[in-house]
Each structure stands twice: as C-alpha cells, then as structure tokens.
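Right, one structure below, let's go through it.
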Amino acid sequence: MPQISVILPVYNGEKTIRETIESILKQTFSDFELIVINDGSKDSTLEIVKSFPDSRIKVFSYPNAGQPASRNRGISRAEGEYISFIDADDLWTPDKLEAQFKALQNNPQAAVAYSWSNMIDESGKFLREGAYLSYEGDVLTELLLSNFLENGSNPLIRAAALREVGNFDESLSNAHDWDMWLRLAARYHFVAVSSIQILYRVSSTSMSSNVLGMQKSSLRVIERAYAQAPESIQHFKRITIANSHKYLIFKALEGVPNPKKGLAAAWFLWYAVRNDPVLLRRRIFWKVLFHIGLVVSLPPQMAKNVLSKMQRFGNLNTLFTSIQTHP
C-alpha cells in the first residue's frame, strides 16, 4: 500500500488539471497514490487525466455532487496511512509531501502537518503572499481566530485521525475545509512546515467568489465549533466572527470592481464592526469604507481606474495585510 493518498476532486478542470497533476508527479516523495475523483466533468478533463502514463494515478468518475462529496469519495478509496487533498487548479512545490511527511514522522503526537501558501492568478502568476503563520501543538484557539491553513490543498493528515473525526460536511457550500481542520484541531496536535509549498489559484469562477455563500457557511462553522469548544475560549467567539468578516471584505473587493460585491463588502464591514467595535478607531476602517464607496458608486471601469491611481486606497494587497483575519 502507498504511504500517502493524494485526493484530487475535479469538475470541468481542463484548463488547469494538467499542470496540477504534473506538480504532484514531480514530488520528491514518490510513495503515493493519486486518486482523481471526476465529479461529472463535461469537458476534456477525463481525457487529460488518462493521458498520464503513471500507474499511481487512479481515476473514479461519479455524477456531479460538489467538492465535499468528492473529497469524501476519495477518502473511501484511499489506502494510504496519510491523506492529502489538492484542488484541480492549485499547485505544489516538489518538496511538499516529503517535508510534511517528515514533519509528522518527527512529531508522532501530531496528526496534521501544514505549510505556507502563496496566491497565484488564473494564468499562474504570483498574486500575493499568504499569511505565513506557524502554530504548533494545540492550535484550536488560533484556528478559530484565523484559518491559517488558508486553503484545502494544504495539509497532510494521518488517515486514522481523518476517519476518527468523520467526513467533510456535504451540506456546507463553502468553508467545509475550515470545518474539517477545526474538528481535527479539537482532538489532535498540528505541526508546521515554515516553507511556501502551496500555490493557491484565485479565479473569478472559484467557490470563494460567492462571498455571501461564504458568509453563510462560515457562520455555521463558527457556531458549531464554539458549541463544542471549551468554556475557557468562548470569549473569543465575537473576535472569530469579526475576523471571518474581515477576510470576507477582502474577498468581496478582490478582482474587478463590482457594485454588487461592494455592497456585500459594506455588509461584512458592518458585521465586523458590530462584533469588534475597536475597528472604528483604526485608520484601516476608513480606508476600507472609502474603497467600498468608490466601488459602489462608480461604474466598474471608472472605479478600477480611480483605485489604481490612488495606491494608498487601491492596493488591495496592502489593505489585506491590514485587515487579514488574525488580529
């Protein structure tokens, strides 16, 4: 049996699936199986996957059911002692699996190893840095305050621990990965690999573009996590809600200015301030409010031009550094 099972759900991923698979096959750690869950793709995804002459690749096709269901289907097929997930448009550096495997071997008390991420755009070009946070041991409080794993293509997990906490919640349209990491953190220790090993692709068609859906799912995850969390950390709940909405503000303002998403950002800003009034005393609050005002009141192209000229207000990477989810 392979030591690691890599689970790759894909739906209509013909534009990126080849590059993703190539990044997996280039891993310096070679004792793995790659389980591709074809989630009812209607493009040339299946043909591209089958074009790789590598016996480690196993393909299973199902009717379309969404990412959480596809991940669960992959888990049911996995034979490895460790499991890792990767989305069909993300990339790994060649040392990702090896570094995380060694981290878990050197820390037998830990069940999850994770690395740092950078974000890339639809063409694969660098977009922005990740949070670069490294927490180890009992990380439940830190993970409630911020999903510092940042994406579902990150961790390597002991299969026994994954099966102990149960499957991904298929009723969550978003945030099902954060929900899973929180359930793992409630029982097991984490270990960090302080190196950039995941390249997370940000696209206009990704699930993260549905910001209102993200809010609904995130609030469900927060309520569930705090319902089971120790009394000693219950006082962090309002900060968790505020932090999640700071991140949603950024996601709503990301990309081409859109009045509808600008209004969503205003709603998220109100929600964040409601749960963390200290934000009203920070300069970043007024910068974000000004940014939202431009996006909502001006035609998209005009707003884009104005924001590009006003770098203090228009550079979302700078804004993100100021409002990212961890305090």
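Here's how to read the names in the structure tokens: chain A, B, ... by the order shown, residue numbers from 1 in each chain, ligand numbers from 1 in the order shown.
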
**OP:** Mind the document's chain letters and residue numbers, and return as a ChimeraX atom specification the residues of segment 102-324 of chain A that DSSP labels strand (DSSP E).
**Re:** /A:110-120,126-129,156-158,189-201

Using the selection just defined, write its residues with N, CA, C and O atoms as a CSV table (one decimal), in the first residue's frame.
```
chain,number,residue,atom,x,y,z
A,110,ALA,N,1.5,14.6,16.6
A,110,ALA,CA,0.7,15.4,15.7
A,110,ALA,C,0.0,14.6,14.7
A,110,ALA,O,0.5,13.5,14.2
A,111,ALA,N,-1.2,15.0,14.2
A,111,ALA,CA,-1.9,14.3,13.2
A,111,ALA,C,-2.0,15.1,11.9
A,111,ALA,O,-2.5,14.6,10.9
A,112,VAL,N,-1.7,16.4,12.0
A,112,VAL,CA,-1.8,17.3,10.8
A,112,VAL,C,-0.5,18.1,10.6
A,112,VAL,O,0.0,18.7,11.6
A,113,ALA,N,0.1,18.0,9.4
A,113,ALA,CA,1.2,18.9,9.0
A,113,ALA,C,0.7,19.8,7.9
A,113,ALA,O,0.0,19.4,7.0
A,114,TYR,N,1.1,21.1,8.1
A,114,TYR,CA,0.7,22.1,7.1
A,114,TYR,C,1.9,23.0,6.7
A,114,TYR,O,2.8,23.1,7.5
A,115,SER,N,1.7,23.7,5.6
A,115,SER,CA,2.8,24.6,5.1
A,115,SER,C,2.2,25.9,4.8
A,115,SER,O,1.1,26.2,5.1
A,116,TRP,N,3.1,26.8,4.3
A,116,TRP,CA,2.7,28.2,3.9
A,116,TRP,C,2.2,28.2,2.5
A,116,TRP,O,2.5,27.3,1.7
A,117,SER,N,1.4,29.2,2.1
A,117,SER,CA,0.8,29.3,0.8
A,117,SER,C,1.1,30.7,0.2
A,117,SER,O,1.3,31.6,0.9
A,118,ASN,N,1.2,30.7,-1.1
A,118,ASN,CA,1.1,31.9,-1.9
A,118,ASN,C,0.0,31.9,-2.8
A,118,ASN,O,-0.4,30.7,-3.2
A,119,MET,N,-0.6,33.0,-3.2
A,119,MET,CA,-1.7,33.0,-4.1
A,119,MET,C,-1.2,33.3,-5.5
A,119,MET,O,-0.4,34.2,-5.7
A,120,ILE,N,-1.8,32.7,-6.5
A,120,ILE,CA,-1.5,32.9,-7.9
A,120,ILE,C,-2.8,33.3,-8.7
A,120,ILE,O,-3.9,32.9,-8.2
A,126,PHE,N,2.3,35.1,-9.8
A,126,PHE,CA,2.2,35.5,-8.4
A,126,PHE,C,1.2,36.6,-8.2
A,126,PHE,O,1.2,37.6,-8.9
A,127,LEU,N,0.3,36.4,-7.2
A,127,LEU,CA,-0.7,37.4,-6.9
A,127,LEU,C,-0.4,38.1,-5.6
A,127,LEU,O,-0.4,39.3,-5.5
A,128,ARG,N,-0.2,37.3,-4.5
A,128,ARG,CA,0.1,37.9,-3.2
A,128,ARG,C,0.6,36.8,-2.3
A,128,ARG,O,0.4,35.6,-2.5
A,129,GLU,N,1.2,37.2,-1.2
A,129,GLU,CA,1.7,36.3,-0.2
A,129,GLU,C,0.6,35.8,0.7
A,129,GLU,O,-0.4,36.5,0.8
A,156,LEU,N,-1.2,17.6,5.2
A,156,LEU,CA,-1.1,16.2,5.2
A,156,LEU,C,-1.6,15.7,6.5
A,156,LEU,O,-1.2,16.2,7.5
A,157,ILE,N,-2.5,14.7,6.4
A,157,ILE,CA,-3.3,14.3,7.6
A,157,ILE,C,-3.1,12.8,7.8
A,157,ILE,O,-3.2,12.0,6.9
A,158,ARG,N,-3.0,12.3,9.1
A,158,ARG,CA,-3.0,10.9,9.3
A,158,ARG,C,-4.4,10.4,9.0
A,158,ARG,O,-5.4,10.9,9.5
A,189,HIS,N,-2.9,17.4,17.7
A,189,HIS,CA,-2.0,18.4,17.5
A,189,HIS,C,-1.6,18.6,16.0
A,189,HIS,O,-1.7,17.7,15.2
A,190,PHE,N,-1.2,19.9,15.7
A,190,PHE,CA,-0.7,20.2,14.4
A,190,PHE,C,0.8,20.5,14.4
A,190,PHE,O,1.3,20.9,15.5
A,191,VAL,N,1.5,20.4,13.3
A,191,VAL,CA,2.9,20.7,13.2
A,191,VAL,C,3.0,21.5,11.9
A,191,VAL,O,2.4,21.3,10.9
A,192,ALA,N,3.9,22.6,11.9
A,192,ALA,CA,4.0,23.5,10.8
A,192,ALA,C,5.3,23.2,10.1
A,192,ALA,O,6.4,22.9,10.6
A,193,VAL,N,5.2,23.3,8.7
A,193,VAL,CA,6.4,23.4,7.9
A,193,VAL,C,6.5,24.8,7.4
A,193,VAL,O,5.7,25.3,6.5
A,194,SER,N,7.4,25.6,7.9
A,194,SER,CA,7.5,27.0,7.6
A,194,SER,C,8.2,27.3,6.3
A,194,SER,O,9.3,27.8,6.2
A,195,SER,N,7.5,26.8,5.2
A,195,SER,CA,8.0,27.0,3.9
A,195,SER,C,6.9,27.1,2.9
A,195,SER,O,5.8,26.5,3.1
A,196,ILE,N,7.0,27.9,1.9
A,196,ILE,CA,6.0,28.1,0.9
A,196,ILE,C,5.9,26.9,0.0
A,196,ILE,O,6.8,26.6,-0.8
A,197,GLN,N,4.8,26.1,0.1
A,197,GLN,CA,4.7,24.8,-0.6
A,197,GLN,C,3.4,24.7,-1.4
A,197,GLN,O,3.2,23.7,-2.1
A,198,ILE,N,2.5,25.6,-1.2
A,198,ILE,CA,1.2,25.5,-1.9
A,198,ILE,C,1.0,26.8,-2.7
A,198,ILE,O,1.2,27.9,-2.1
A,199,LEU,N,0.7,26.7,-3.9
A,199,LEU,CA,0.3,27.8,-4.8
A,199,LEU,C,-1.2,27.7,-5.0
A,199,LEU,O,-1.6,26.9,-5.8
A,200,TYR,N,-1.9,28.6,-4.4
A,200,TYR,CA,-3.4,28.6,-4.4
A,200,TYR,C,-3.9,29.5,-5.5
A,200,TYR,O,-3.6,30.7,-5.4
A,201,ARG,N,-4.6,29.0,-6.4
A,201,ARG,CA,-5.1,29.8,-7.6
A,201,ARG,C,-6.4,30.5,-7.3
A,201,ARG,O,-7.3,29.9,-6.8
```

**OP:** From the DSSP assignment of the backbone, select every residue of segment 75-271 of chain A that is alpha helix (DSSP H), and format the answer as a PyMOL selection string.
**Re:** chain A and resi 75-77+96-106+140-145+159-165+176-185+211-228+237-253+259-271

Original post:
To one decimal place, how far is atom CA of Glu231 of chain A from atom CA of Thr141 of chain A in Å?
Top reply: 11.7 Å

Subject >> Contact residues around Ala88 of chain A with only C-alpha atoms at 7 Å, ignoring same-chain residues under 6 positions, as a ChimeraX atom specification >> reply: /A:8-10,13,16-17,20

**OP:** May I ask which of the residues A:Ala225, A:Ile75, A:Leu212, A:Val202 is the closest one to Leu145 of chain A, counting only C-alpha atoms?
**Re:**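 Checking each of A:Ala225, A:Ile75, A:Leu212, A:Val202 against Leu145 of chain A, counting only C-alpha atoms, the winner is A:Ala225.
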
Subject >> A:Lys309, A:Arg224, A:Lys237, A:Val211 ranked by distance to Leu263 of chain A, top pick (using only C-alpha atoms) >> reply: A:Val211

**OP:** Tell me, as a PyMOL selection string, which residues lie within 9 Å of Leu143 of chain A, counting only C-alpha atoms; anything in the same chain fewer than 4 positions away does not count.
**Re:** chain A and resi 135+139+147-149+178+181-182+185

**OP:** Considering only C-alpha atoms, return as number ranges by chain whatever protein or nucleic-acid residues lie within 10 Å of Asp54 of chain A, sequence-local ones (same chain, fewer than 3 positions apart) excluded.
**Re:** A: 25, 33-34, 50-51, 57-58

**OP:** Check the smallest atom-to-atom distance from each of A:Asp90, A:Glu79, A:Asp169, A:Asp276 to Gly124 of chain A using only C-alpha atoms, then report the winner.
**Re:**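 Once distances to Gly124 of chain A are computed over only C-alpha atoms, the minimum belongs to A:Asp90.
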
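Candidate residues A:Leu133, A:Leu294, A:Phe285, A:Thr45 were compared for distance to Lys261 of chain A, and the nearest is A:Leu294, using only C-alpha atoms.
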
**OP:** Could you tell me how far atom CA of Ser173 of chain A lies from atom CA of Trp267 of chain A, in Å and to one decimal?
**Re:**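 Pair atom CA of Ser173 of chain A / atom CA of Trp267 of chain A returns 20.0 Å.
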
Subject >> d(atom CA of Leu280 of chain A, atom CA of Thr240 of chain A) in Å >> reply: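 Interatomic distance here is 17.1 Å.
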
Original post:
Which is closest to Phe85 of chain A among A:Pro63, A:Gly213, A:Pro155, A:Pro300, if we use only C-alpha atoms?
Top reply: A:Pro155

Subject >> Nearest-residue call for Arg163 of chain A, choices A:Ile83, A:Gly137, A:Ala186, A:Tyr271, using only C-alpha atoms >> reply: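 Once distances to Arg163 of chain A are computed over only C-alpha atoms, the minimum belongs to A:Ile83.
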